[in-house]
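One file, final_13.cif, carrying mmCIF, C-alpha atoms:
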```
data_input
#
loop_
_atom_site.label_atom_id
_atom_site.label_comp_id
_atom_site.auth_asym_id
_atom_site.auth_seq_id
_atom_site.Cartn_x
_atom_site.Cartn_y
_atom_site.Cartn_z
CA MET A 1 73.35 62.43 94.76
CA THR A 2 76.01 65.16 94.53
CA ALA A 3 74.81 68.50 95.94
CA VAL A 4 75.72 71.47 93.74
CA PHE A 5 76.85 74.92 94.93
CA ASP A 6 78.38 78.02 93.42
CA VAL A 7 81.28 78.07 95.90
CA ILE A 8 82.54 75.66 98.55
CA VAL A 9 84.59 77.10 101.42
CA LEU A 10 86.89 74.62 103.13
CA GLY A 11 87.39 75.68 106.75
CA VAL A 12 85.01 78.02 108.62
CA GLY A 13 87.27 79.81 111.07
CA GLY A 14 88.03 83.54 110.90
CA MET A 15 88.82 83.72 107.19
CA GLY A 16 86.42 81.01 106.05
CA SER A 17 83.44 82.46 107.91
CA ALA A 18 84.23 85.88 106.40
CA ALA A 19 84.39 84.37 102.90
CA CYS A 20 81.06 82.59 103.44
CA GLN A 21 79.47 85.82 104.65
CA GLN A 22 80.78 87.90 101.75
CA LEU A 23 79.80 85.33 99.13
CA ALA A 24 76.33 84.72 100.55
CA ALA A 25 75.69 88.48 100.75
CA ARG A 26 76.35 88.64 97.00
CA GLY A 27 73.73 85.98 96.33
CA ALA A 28 76.08 83.03 95.76
CA LYS A 29 74.97 79.57 96.79
CA VAL A 30 77.65 78.80 99.38
CA LEU A 31 78.64 75.69 101.32
CA GLY A 32 81.03 76.06 104.26
CA LEU A 33 82.66 72.86 105.52
CA GLU A 34 84.25 72.67 108.98
CA GLN A 35 85.88 69.52 110.39
CA PHE A 36 85.40 70.66 114.01
CA PRO A 37 82.47 72.28 115.84
CA LEU A 38 81.75 75.83 114.75
CA VAL A 39 83.71 78.51 116.65
CA HIS A 40 86.06 75.86 118.03
CA ASP A 41 89.36 76.07 119.92
CA ARG A 42 91.35 73.60 117.82
CA GLY A 43 93.01 76.04 115.43
CA SER A 44 93.84 79.74 115.30
CA SER A 45 90.58 81.72 115.63
CA HIS A 46 89.93 81.44 119.35
CA GLY A 47 91.22 82.65 122.70
CA GLU A 48 88.87 85.53 123.59
CA SER A 49 90.71 88.45 121.94
CA ARG A 50 92.94 89.66 119.11
CA ILE A 51 94.76 92.97 118.67
CA ILE A 52 93.65 95.18 115.77
CA ARG A 53 95.79 98.13 114.65
CA GLN A 54 96.58 100.30 111.64
CA ALA A 55 100.21 101.51 112.03
CA TYR A 56 101.40 98.12 110.86
CA PHE A 57 105.06 97.53 111.66
CA GLU A 58 105.24 94.31 109.63
CA HIS A 59 104.83 96.15 106.29
CA PRO A 60 103.14 99.41 105.22
CA ASP A 61 101.43 97.62 102.30
CA TYR A 62 99.01 96.11 104.83
CA VAL A 63 97.62 99.52 105.82
CA PRO A 64 95.12 99.96 102.93
CA LEU A 65 93.74 96.52 103.76
CA LEU A 66 93.49 97.52 107.42
CA LEU A 67 91.57 100.69 106.63
CA ARG A 68 89.06 98.58 104.71
CA THR A 69 88.87 95.87 107.38
CA TYR A 70 88.05 98.54 110.00
CA GLU A 71 85.09 99.57 107.86
CA LEU A 72 83.94 95.97 107.49
CA TRP A 73 84.22 95.17 111.20
CA ARG A 74 82.05 98.20 111.99
CA GLN A 75 79.55 97.13 109.33
CA LEU A 76 79.43 93.66 110.88
CA GLU A 77 78.81 95.15 114.32
CA HIS A 78 75.95 97.21 112.89
CA SER A 79 74.46 94.31 110.89
CA THR A 80 74.48 91.92 113.85
CA ASN A 81 73.90 94.49 116.62
CA ARG A 82 76.87 93.12 118.60
CA THR A 83 79.96 94.66 120.15
CA LEU A 84 82.95 93.06 118.45
CA PHE A 85 85.66 95.73 118.80
CA HIS A 86 86.93 97.63 121.86
CA GLN A 87 88.93 100.65 120.69
CA VAL A 88 91.24 100.90 123.71
CA GLY A 89 94.44 101.71 121.81
CA LEU A 90 97.80 99.93 121.61
CA ALA A 91 101.06 100.77 123.39
CA LEU A 92 104.15 99.57 121.51
CA SER A 93 107.44 99.38 123.40
CA GLY A 94 110.92 98.79 121.96
CA ILE A 95 114.21 100.51 121.20
CA SER A 96 113.87 103.22 118.56
CA THR A 97 115.52 101.10 115.84
CA SER A 98 113.44 97.97 116.53
CA GLU A 99 111.09 96.61 113.87
CA THR A 100 108.14 97.34 116.16
CA ILE A 101 108.86 101.04 116.67
CA SER A 102 110.53 101.95 113.38
CA GLY A 103 108.01 99.91 111.36
CA ALA A 104 104.98 101.44 113.08
CA LYS A 105 106.36 104.95 112.57
CA LYS A 106 107.08 104.22 108.90
CA SER A 107 103.53 102.99 108.27
CA ALA A 108 102.09 105.95 110.16
CA ASP A 109 104.21 108.42 108.18
CA LEU A 110 103.41 106.87 104.80
CA HIS A 111 99.69 106.64 105.45
CA ARG A 112 99.26 109.69 107.71
CA LEU A 113 98.04 107.71 110.69
CA ASN A 114 97.66 109.15 114.17
CA ILE A 115 100.23 107.85 116.66
CA GLU A 116 101.78 109.35 119.81
CA GLU A 117 105.45 108.90 120.76
CA MET A 118 106.42 109.17 124.42
CA LYS A 119 109.16 108.42 126.92
CA PRO A 120 108.86 105.30 129.13
CA ALA A 121 108.26 107.37 132.29
CA GLU A 122 105.45 109.30 130.60
CA ALA A 123 103.89 106.05 129.41
CA HIS A 124 104.07 104.57 132.91
CA ARG A 125 102.35 107.64 134.37
CA ARG A 126 99.60 107.21 131.81
CA TRP A 127 99.23 103.46 132.43
CA PRO A 128 100.56 102.73 135.95
CA SER A 129 99.86 99.00 135.52
CA LEU A 130 102.57 98.82 132.84
CA THR A 131 106.30 99.53 133.17
CA PHE A 132 108.66 100.17 130.27
CA PRO A 133 112.45 99.77 130.03
CA ALA A 134 114.29 103.08 130.24
CA GLU A 135 116.01 102.51 126.90
CA HIS A 136 112.71 101.92 125.07
CA THR A 137 110.56 104.27 123.04
CA VAL A 138 106.79 103.94 123.48
CA VAL A 139 104.40 104.55 120.58
CA PHE A 140 100.67 104.70 121.26
CA GLU A 141 98.08 104.14 118.53
CA PRO A 142 94.70 105.39 119.80
CA LEU A 143 92.60 103.81 117.03
CA ALA A 144 93.91 100.33 117.82
CA GLY A 145 92.24 97.93 120.21
CA LEU A 146 90.95 94.41 120.52
CA LEU A 147 88.50 92.16 118.71
CA LEU A 148 86.43 89.58 120.57
CA VAL A 149 87.51 86.68 118.43
CA GLU A 150 84.87 83.99 119.04
CA ARG A 151 82.11 86.58 118.92
CA CYS A 152 83.50 87.84 115.59
CA VAL A 153 83.55 84.37 114.02
CA GLN A 154 80.04 83.63 115.27
CA ALA A 155 78.77 86.95 113.89
CA GLN A 156 80.19 86.17 110.45
CA ILE A 157 78.68 82.69 110.49
CA ASP A 158 75.29 83.98 111.62
CA LEU A 159 75.20 86.66 108.94
CA ALA A 160 76.32 84.17 106.28
CA GLN A 161 73.50 81.82 107.25
CA GLN A 162 70.98 84.66 107.29
CA CYS A 163 72.03 85.38 103.70
CA GLY A 164 71.47 81.74 102.73
CA ALA A 165 74.85 80.06 103.22
CA GLU A 166 74.83 76.42 104.27
CA ILE A 167 77.41 75.76 107.00
CA ARG A 168 78.20 72.18 108.00
CA SER A 169 80.34 71.29 111.03
CA HIS A 170 81.95 67.99 112.10
CA GLU A 171 82.51 67.16 108.42
CA ARG A 172 86.03 66.43 107.25
CA VAL A 173 87.16 66.86 103.66
CA LEU A 174 88.89 63.75 102.36
CA GLU A 175 89.80 64.94 98.87
CA TRP A 176 89.00 67.47 96.20
CA SER A 177 89.63 67.81 92.49
CA SER A 178 89.24 70.48 89.83
CA ASN A 179 89.04 70.54 86.05
CA GLY A 180 89.39 74.30 85.87
CA THR A 181 85.69 75.04 85.55
CA SER A 182 84.23 72.99 88.41
CA VAL A 183 85.42 71.32 91.59
CA LEU A 184 84.39 68.07 93.25
CA VAL A 185 84.76 67.74 97.03
CA ARG A 186 84.38 64.45 98.89
CA THR A 187 83.98 64.46 102.67
CA ASP A 188 83.46 61.74 105.26
CA ARG A 189 79.72 62.29 104.83
CA ALA A 190 78.91 63.27 101.26
CA GLU A 191 80.09 64.55 97.90
CA TYR A 192 79.63 68.11 96.58
CA SER A 193 80.40 70.05 93.44
CA ALA A 194 80.78 73.77 92.77
CA GLY A 195 82.18 76.26 90.34
CA SER A 196 84.87 77.39 92.80
CA LEU A 197 86.65 76.17 95.92
CA VAL A 198 88.05 78.48 98.60
CA VAL A 199 90.66 76.88 100.89
CA THR A 200 90.79 78.58 104.29
CA ALA A 201 91.87 75.55 106.27
CA GLY A 202 94.31 77.24 108.64
CA ALA A 203 96.94 74.84 109.96
CA TRP A 204 95.48 72.11 107.73
CA ALA A 205 96.01 74.09 104.50
CA GLY A 206 99.26 72.28 103.78
CA GLN A 207 97.46 68.94 103.88
CA CYS A 208 94.59 70.20 101.73
CA LEU A 209 97.03 71.63 99.17
CA LYS A 210 99.80 69.04 99.43
CA GLU A 211 100.26 68.98 95.66
CA LEU A 212 101.67 72.51 95.87
CA GLY A 213 104.25 71.78 98.55
CA LEU A 214 103.46 75.10 100.22
CA PRO A 215 106.36 76.40 102.36
CA LEU A 216 104.33 76.43 105.56
CA GLU A 217 105.24 75.54 109.14
CA VAL A 218 102.71 75.12 111.94
CA GLN A 219 103.75 76.31 115.38
CA ARG A 220 102.19 75.60 118.75
CA LYS A 221 101.68 78.75 120.82
CA TYR A 222 100.82 78.92 124.51
CA VAL A 223 98.51 81.70 125.77
CA GLY A 224 97.86 82.38 129.47
CA TRP A 225 95.32 84.31 131.53
CA PHE A 226 96.92 85.81 134.63
CA PRO A 227 95.06 87.09 137.71
CA VAL A 228 94.84 90.86 138.20
CA ARG A 229 96.17 91.47 141.71
CA GLN A 230 96.33 95.26 141.92
CA GLY A 231 95.61 98.46 140.00
CA SER A 232 93.25 99.15 137.13
CA PHE A 233 93.49 96.65 134.29
CA SER A 234 89.95 96.64 132.93
CA VAL A 235 88.97 97.07 129.29
CA ASN A 236 86.36 99.52 130.58
CA GLU A 237 88.84 101.74 132.45
CA GLY A 238 91.30 102.90 129.79
CA MET A 239 93.75 100.00 129.85
CA PRO A 240 95.19 99.51 126.33
CA THR A 241 96.50 96.48 124.53
CA TYR A 242 100.32 96.35 124.52
CA PHE A 243 103.26 94.86 122.62
CA TYR A 244 106.91 94.77 123.74
CA GLU A 245 109.93 93.92 121.60
CA PHE A 246 113.11 92.73 123.32
CA PRO A 247 116.25 91.12 121.84
CA HIS A 248 115.13 87.82 123.39
CA GLY A 249 111.51 87.91 122.18
CA THR A 250 108.26 89.77 121.60
CA PHE A 251 105.36 89.74 124.05
CA TYR A 252 101.84 91.14 123.97
CA GLY A 253 98.72 91.32 126.08
CA PHE A 254 95.27 92.71 126.68
CA PRO A 255 93.24 94.52 129.30
CA SER A 256 91.05 92.36 131.49
CA ILE A 257 87.68 91.52 129.95
CA ASP A 258 86.27 89.55 132.89
CA GLU A 259 87.67 92.00 135.52
CA LYS A 260 89.60 89.10 137.07
CA THR A 261 92.26 87.87 134.64
CA ALA A 262 94.21 89.29 131.69
CA LYS A 263 95.54 87.49 128.63
CA VAL A 264 99.30 87.57 127.92
CA ALA A 265 101.27 85.70 125.25
CA GLU A 266 104.58 85.55 123.44
CA HIS A 267 104.48 86.30 119.71
CA SER A 268 107.99 84.97 119.11
CA GLY A 269 109.10 81.42 119.81
CA GLY A 270 106.70 78.49 119.68
CA GLN A 271 107.13 74.79 119.01
CA PHE A 272 107.04 73.15 115.58
CA VAL A 273 104.02 70.85 115.12
CA PRO A 274 105.04 67.82 113.02
CA ASP A 275 101.68 66.03 113.25
CA LEU A 276 98.36 67.88 113.37
CA ASP A 277 96.67 64.79 114.77
CA GLN A 278 99.02 64.85 117.78
CA ILE A 279 98.99 68.47 118.97
CA ASP A 280 100.22 68.89 122.53
CA ARG A 281 97.49 70.92 124.25
CA SER A 282 98.75 70.45 127.81
CA GLN A 283 100.56 73.09 129.87
CA HIS A 284 104.28 72.72 130.62
CA GLU A 285 106.60 74.61 132.90
CA SER A 286 108.53 75.82 129.86
CA ASP A 287 105.33 77.41 128.51
CA VAL A 288 104.98 79.58 131.60
CA THR A 289 108.57 80.51 132.44
CA ARG A 290 109.18 83.21 129.82
CA LEU A 291 105.73 84.74 130.20
CA SER A 292 106.05 84.84 133.98
CA ALA A 293 109.44 86.53 133.70
CA PHE A 294 108.01 89.15 131.32
CA ILE A 295 105.05 89.81 133.61
CA SER A 296 107.24 90.08 136.70
CA SER A 297 109.48 92.64 135.04
CA GLN A 298 106.94 94.74 133.12
CA ILE A 299 103.43 94.13 134.47
CA PRO A 300 103.52 94.01 138.27
CA SER A 301 99.73 94.39 138.37
CA LEU A 302 99.39 90.77 137.23
CA ASP A 303 100.15 87.61 139.17
CA PRO A 304 102.81 85.74 137.12
CA THR A 305 101.13 82.37 137.72
CA PRO A 306 98.42 81.68 135.11
CA GLU A 307 94.89 80.82 136.18
CA ARG A 308 94.01 79.22 132.84
CA TYR A 309 95.55 78.76 129.41
CA SER A 310 94.95 77.88 125.78
CA VAL A 311 96.99 76.50 122.90
CA CYS A 312 96.81 78.30 119.57
CA LEU A 313 98.31 77.41 116.17
CA TYR A 314 100.33 79.77 113.98
CA THR A 315 100.56 78.76 110.31
CA MET A 316 103.82 80.40 109.29
CA SER A 317 104.97 81.38 105.81
CA PRO A 318 108.74 81.79 105.29
CA ASP A 319 108.52 85.61 105.28
CA GLN A 320 105.65 85.71 107.81
CA HIS A 321 103.36 87.43 105.29
CA PHE A 322 100.05 85.96 104.13
CA ILE A 323 99.41 83.88 101.03
CA VAL A 324 96.24 84.94 99.20
CA ASP A 325 96.12 83.84 95.59
CA LEU A 326 94.64 81.66 92.89
CA HIS A 327 95.88 78.08 92.71
CA PRO A 328 98.72 78.03 90.14
CA GLU A 329 97.10 75.19 88.15
CA TRP A 330 93.38 75.62 88.79
CA SER A 331 92.16 79.22 88.73
CA ASN A 332 88.81 78.21 90.29
CA VAL A 333 90.62 77.17 93.49
CA ILE A 334 91.46 80.10 95.77
CA ILE A 335 94.03 79.91 98.58
CA ALA A 336 94.26 81.90 101.81
CA THR A 337 96.85 80.67 104.29
CA GLY A 338 100.13 81.47 106.07
CA PHE A 339 98.64 84.13 108.33
CA SER A 340 101.62 83.72 110.67
CA GLY A 341 99.90 84.75 113.88
CA HIS A 342 98.88 88.26 112.81
CA GLY A 343 96.07 87.64 110.35
CA PHE A 344 92.78 87.54 112.26
CA LYS A 345 92.20 91.30 112.23
CA PHE A 346 92.10 91.12 108.41
CA ALA A 347 89.33 88.50 108.27
CA PRO A 348 86.57 90.67 106.74
CA VAL A 349 88.77 92.17 104.03
CA ILE A 350 90.38 88.81 103.23
CA GLY A 351 86.85 87.41 102.99
CA GLU A 352 86.01 90.20 100.56
CA ALA A 353 89.09 89.44 98.45
CA LEU A 354 88.31 85.72 98.44
CA ALA A 355 84.74 86.38 97.34
CA ASP A 356 86.08 88.53 94.50
CA LEU A 357 88.53 85.84 93.40
CA ALA A 358 85.95 83.06 93.67
CA THR A 359 83.46 84.88 91.48
CA THR A 360 85.57 86.94 89.06
CA ARG A 361 89.14 85.54 89.46
CA THR A 362 90.39 89.05 90.22
CA THR A 363 90.07 91.73 92.90
CA SER A 364 90.65 95.46 93.13
CA LEU A 365 91.95 95.06 96.68
CA PRO A 366 95.75 95.57 96.97
CA ILE A 367 96.84 91.99 97.66
CA THR A 368 99.51 91.53 94.97
CA PHE A 369 102.25 91.53 97.63
CA LEU A 370 100.60 88.43 99.15
CA SER A 371 100.92 86.36 95.96
CA LEU A 372 102.25 82.82 96.05
CA ASN A 373 104.68 83.78 93.26
CA ARG A 374 107.10 85.30 95.74
CA PHE A 375 108.13 81.81 96.87
CA ARG A 376 108.94 80.54 93.39
CA SER A 377 112.07 81.24 91.34
CA THR A 378 109.87 81.07 88.25
CA PRO A 379 106.46 82.79 88.36
CA LEU A 380 103.59 80.36 88.71
CA ARG A 381 101.29 79.99 85.74
CA HIS A 382 97.70 81.06 86.25
CA PRO A 383 95.51 79.32 83.69
#
```
Show me, as structure tokens, the structure contained in the file I just sent.
Amino acid sequence: MTAVFDVIVLGVGGMGSAACQQLAARGAKVLGLEQFPLVHDRGSSHGESRIIRQAYFEHPDYVPLLLRTYELWRQLEHSTNRTLFHQVGLALSGISTSETISGAKKSADLHRLNIEEMKPAEAHRRWPSLTFPAEHTVVFEPLAGLLLVERCVQAQIDLAQQCGAEIRSHERVLEWSSNGTSVLVRTDRAEYSAGSLVVTAGAWAGQCLKELGLPLEVQRKYVGWFPVRQGSFSVNEGMPTYFYEFPHGTFYGFPSIDEKTAKVAEHSGGQFVPDLDQIDRSQHESDVTRLSAFISSQIPSLDPTPERYSVCLYTMSPDQHFIVDLHPEWSNVIIATGFSGHGFKFAPVIGEALADLATTRTTSLPITFLSLNRFRSTPLRHP
């Protein structure tokens, strides 16, 4: 017998768990389907921490969404009685004309956000564990910080289930179809129907939506945890998150959460993943070399040899902006993908937008700039 729901959510990572939570809170009968264990480390929503910030250098149009997502993260903390967000600030370092510095200042100016600009020597005096190139400008955003990523996903799942959502793990979707008013989803275990389908499948979105030929590329990203060998690097002692832009790449990191190691990664670079069933999750010398060089030059408080590591997946759109839209043929199929390595902080507000689209086919949230139409020479038809 085919089980019937109001909405089926395909993929229960950061975005999918948020969509399930938002829909269930509105009284919808929701089914979330996840091919891996819940809160897994196979995709993009894992690895202990994520930076959250408001002075968004990528594009100022993200700022209204960020202001709303801050509200929703705080609501989630209150509803679940859990600490999810450490507001330790963010230090951005780059030359004055770099995208990082000029973009952050532009967003701050347009949206009247609080940031502090300082010289590298002043920044080093403030955070002795970090050094900054003499030619750089440093911008500090005090309202930024870090999200505890696995704890965030688990909180969204728990709240969704408390509101009545049914979440099923270890269940892989084999195919789906839509007639415009209902969808049919077949998995390796059962068959389900619903009025709407929300696709939040992360790196697997291209496979789930292969009929669209979405312009997505999946990249393998290495993340390392490096021992703290001197100085104060703790999340509890005023150490901020940080992001450096150089001509050869962009690097970021976090204060120590366990008081022993600190997470550092490269935002640029990465390796193309041609086959999602054959992801290389081992550590290679080439993974460590650039990170170790960055740490040696800018973060002498850390040992440049990693103690542990993880592999994360970036699902890249051509312009590195998200895709959040209705399916161009079936308006009861909603797409959220292409988060390009900077999307997790938006999970609650994207979940809110997806719940709007799944129930009313429209949203008052300012997501027009994330439309799929920007990749087509002719605007896509929305039935």
Set the distance at 12 Å and use all atoms listed in the file: which residues neighbour Asp356 (chain A) once local chain neighbours fewer than 3 positions away are removed? I'd like the list as a list in words. Val7, Ala19, Cys20, Gln22, Leu23, Arg26, Ala28, Ser196, Val198, Val324, Asp325, Leu326, Asn332, Ile334, Val349, Ile350, Gly351, Glu352, Ala353, Thr359, Thr360, Arg361, Thr362, Thr363, Ser364, Leu365 and Ile367 of chain A
Computed interatomic separation between CA of Leu302 (chain A) and CA of Tyr314 (chain A) (Å): 25.7 Å
A:Glu285, A:Asp6, A:Glu150, A:Glu34: which is nearest Thr200 (chain A), counting all atoms listed in the file?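 Going through A:Glu285, A:Asp6, A:Glu150, A:Glu34 one by one, the smallest distance to Thr200 (chain A) is for A:Glu34.
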Starting from the PyMOL selection byres ((chain A and resi 90) around 12), expand the selection into actual residues of this file and give them as a PyMOL selection string. chain A and resi 50-56+86-89+91-93+100+104+114-117+123+127+138-146+238-244+252-255
Let's have the selection written as a short mmCIF file (atom, residue, chain, number, x, y, z; two decimals), keeping the file's coordinate frame, with C-alpha atoms.
```cif
data_model
loop_
_atom_site.label_atom_id
_atom_site.label_comp_id
_atom_site.auth_asym_id
_atom_site.auth_seq_id
_atom_site.Cartn_x
_atom_site.Cartn_y
_atom_site.Cartn_z
CA ARG A 50 92.94 89.66 119.11
CA ILE A 51 94.76 92.97 118.67
CA ILE A 52 93.65 95.18 115.77
CA ARG A 53 95.79 98.13 114.65
CA GLN A 54 96.58 100.30 111.64
CA ALA A 55 100.21 101.51 112.03
CA TYR A 56 101.40 98.12 110.86
CA HIS A 86 86.93 97.63 121.86
CA GLN A 87 88.93 100.65 120.69
CA VAL A 88 91.24 100.90 123.71
CA GLY A 89 94.44 101.71 121.81
CA ALA A 91 101.06 100.77 123.39
CA LEU A 92 104.15 99.57 121.51
CA SER A 93 107.44 99.38 123.40
CA THR A 100 108.14 97.34 116.16
CA ALA A 104 104.98 101.44 113.08
CA ASN A 114 97.66 109.15 114.17
CA ILE A 115 100.23 107.85 116.66
CA GLU A 116 101.78 109.35 119.81
CA GLU A 117 105.45 108.90 120.76
CA ALA A 123 103.89 106.05 129.41
CA TRP A 127 99.23 103.46 132.43
CA VAL A 138 106.79 103.94 123.48
CA VAL A 139 104.40 104.55 120.58
CA PHE A 140 100.67 104.70 121.26
CA GLU A 141 98.08 104.14 118.53
CA PRO A 142 94.70 105.39 119.80
CA LEU A 143 92.60 103.81 117.03
CA ALA A 144 93.91 100.33 117.82
CA GLY A 145 92.24 97.93 120.21
CA LEU A 146 90.95 94.41 120.52
CA GLY A 238 91.30 102.90 129.79
CA MET A 239 93.75 100.00 129.85
CA PRO A 240 95.19 99.51 126.33
CA THR A 241 96.50 96.48 124.53
CA TYR A 242 100.32 96.35 124.52
CA PHE A 243 103.26 94.86 122.62
CA TYR A 244 106.91 94.77 123.74
CA TYR A 252 101.84 91.14 123.97
CA GLY A 253 98.72 91.32 126.08
CA PHE A 254 95.27 92.71 126.68
CA PRO A 255 93.24 94.52 129.30
#
```
Evaluate the PyMOL selection byres ((chain A and resi 319) around 10) here and jot the selected residues down as a list in words. Pro215, Met316, Ser317, Pro318, Gln320, His321, Phe322, Gly338, Ser340, Arg374 and Phe375 of chain A
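Distance check against Val39 (chain A) using only C-alpha atoms: of A:His124, A:His170, A:His111, A:Arg82, the minimum falls on A:His170.
The smallest atom-to-atom distance between Val235 (chain A) and any of A:Leu147, A:Ala24, A:Val183, A:Leu10, using all atoms listed in the file, is found for A:Leu147.
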Go through A:Leu174, A:Ile335, A:Phe294, A:Val9 and flag the residue nearest Leu370 (chain A), using only C-alpha atoms for the distances. A:Ile335
To verify the selection step, state as number ranges by chain which residues the PyMOL selection byres ((chain A and resi 331) around 10) yields on this input. A: 178-181, 196-197, 325-330, 332-334, 357-358, 361, 381-383
Compile the contact shell of Asp41 (chain A) as a PyMOL selection string: residues with an atom at most 10 Å away, counting all atoms listed in the file, same-chain residues fewer than 6 positions apart removed. chain A and resi 13+47+150+310-313
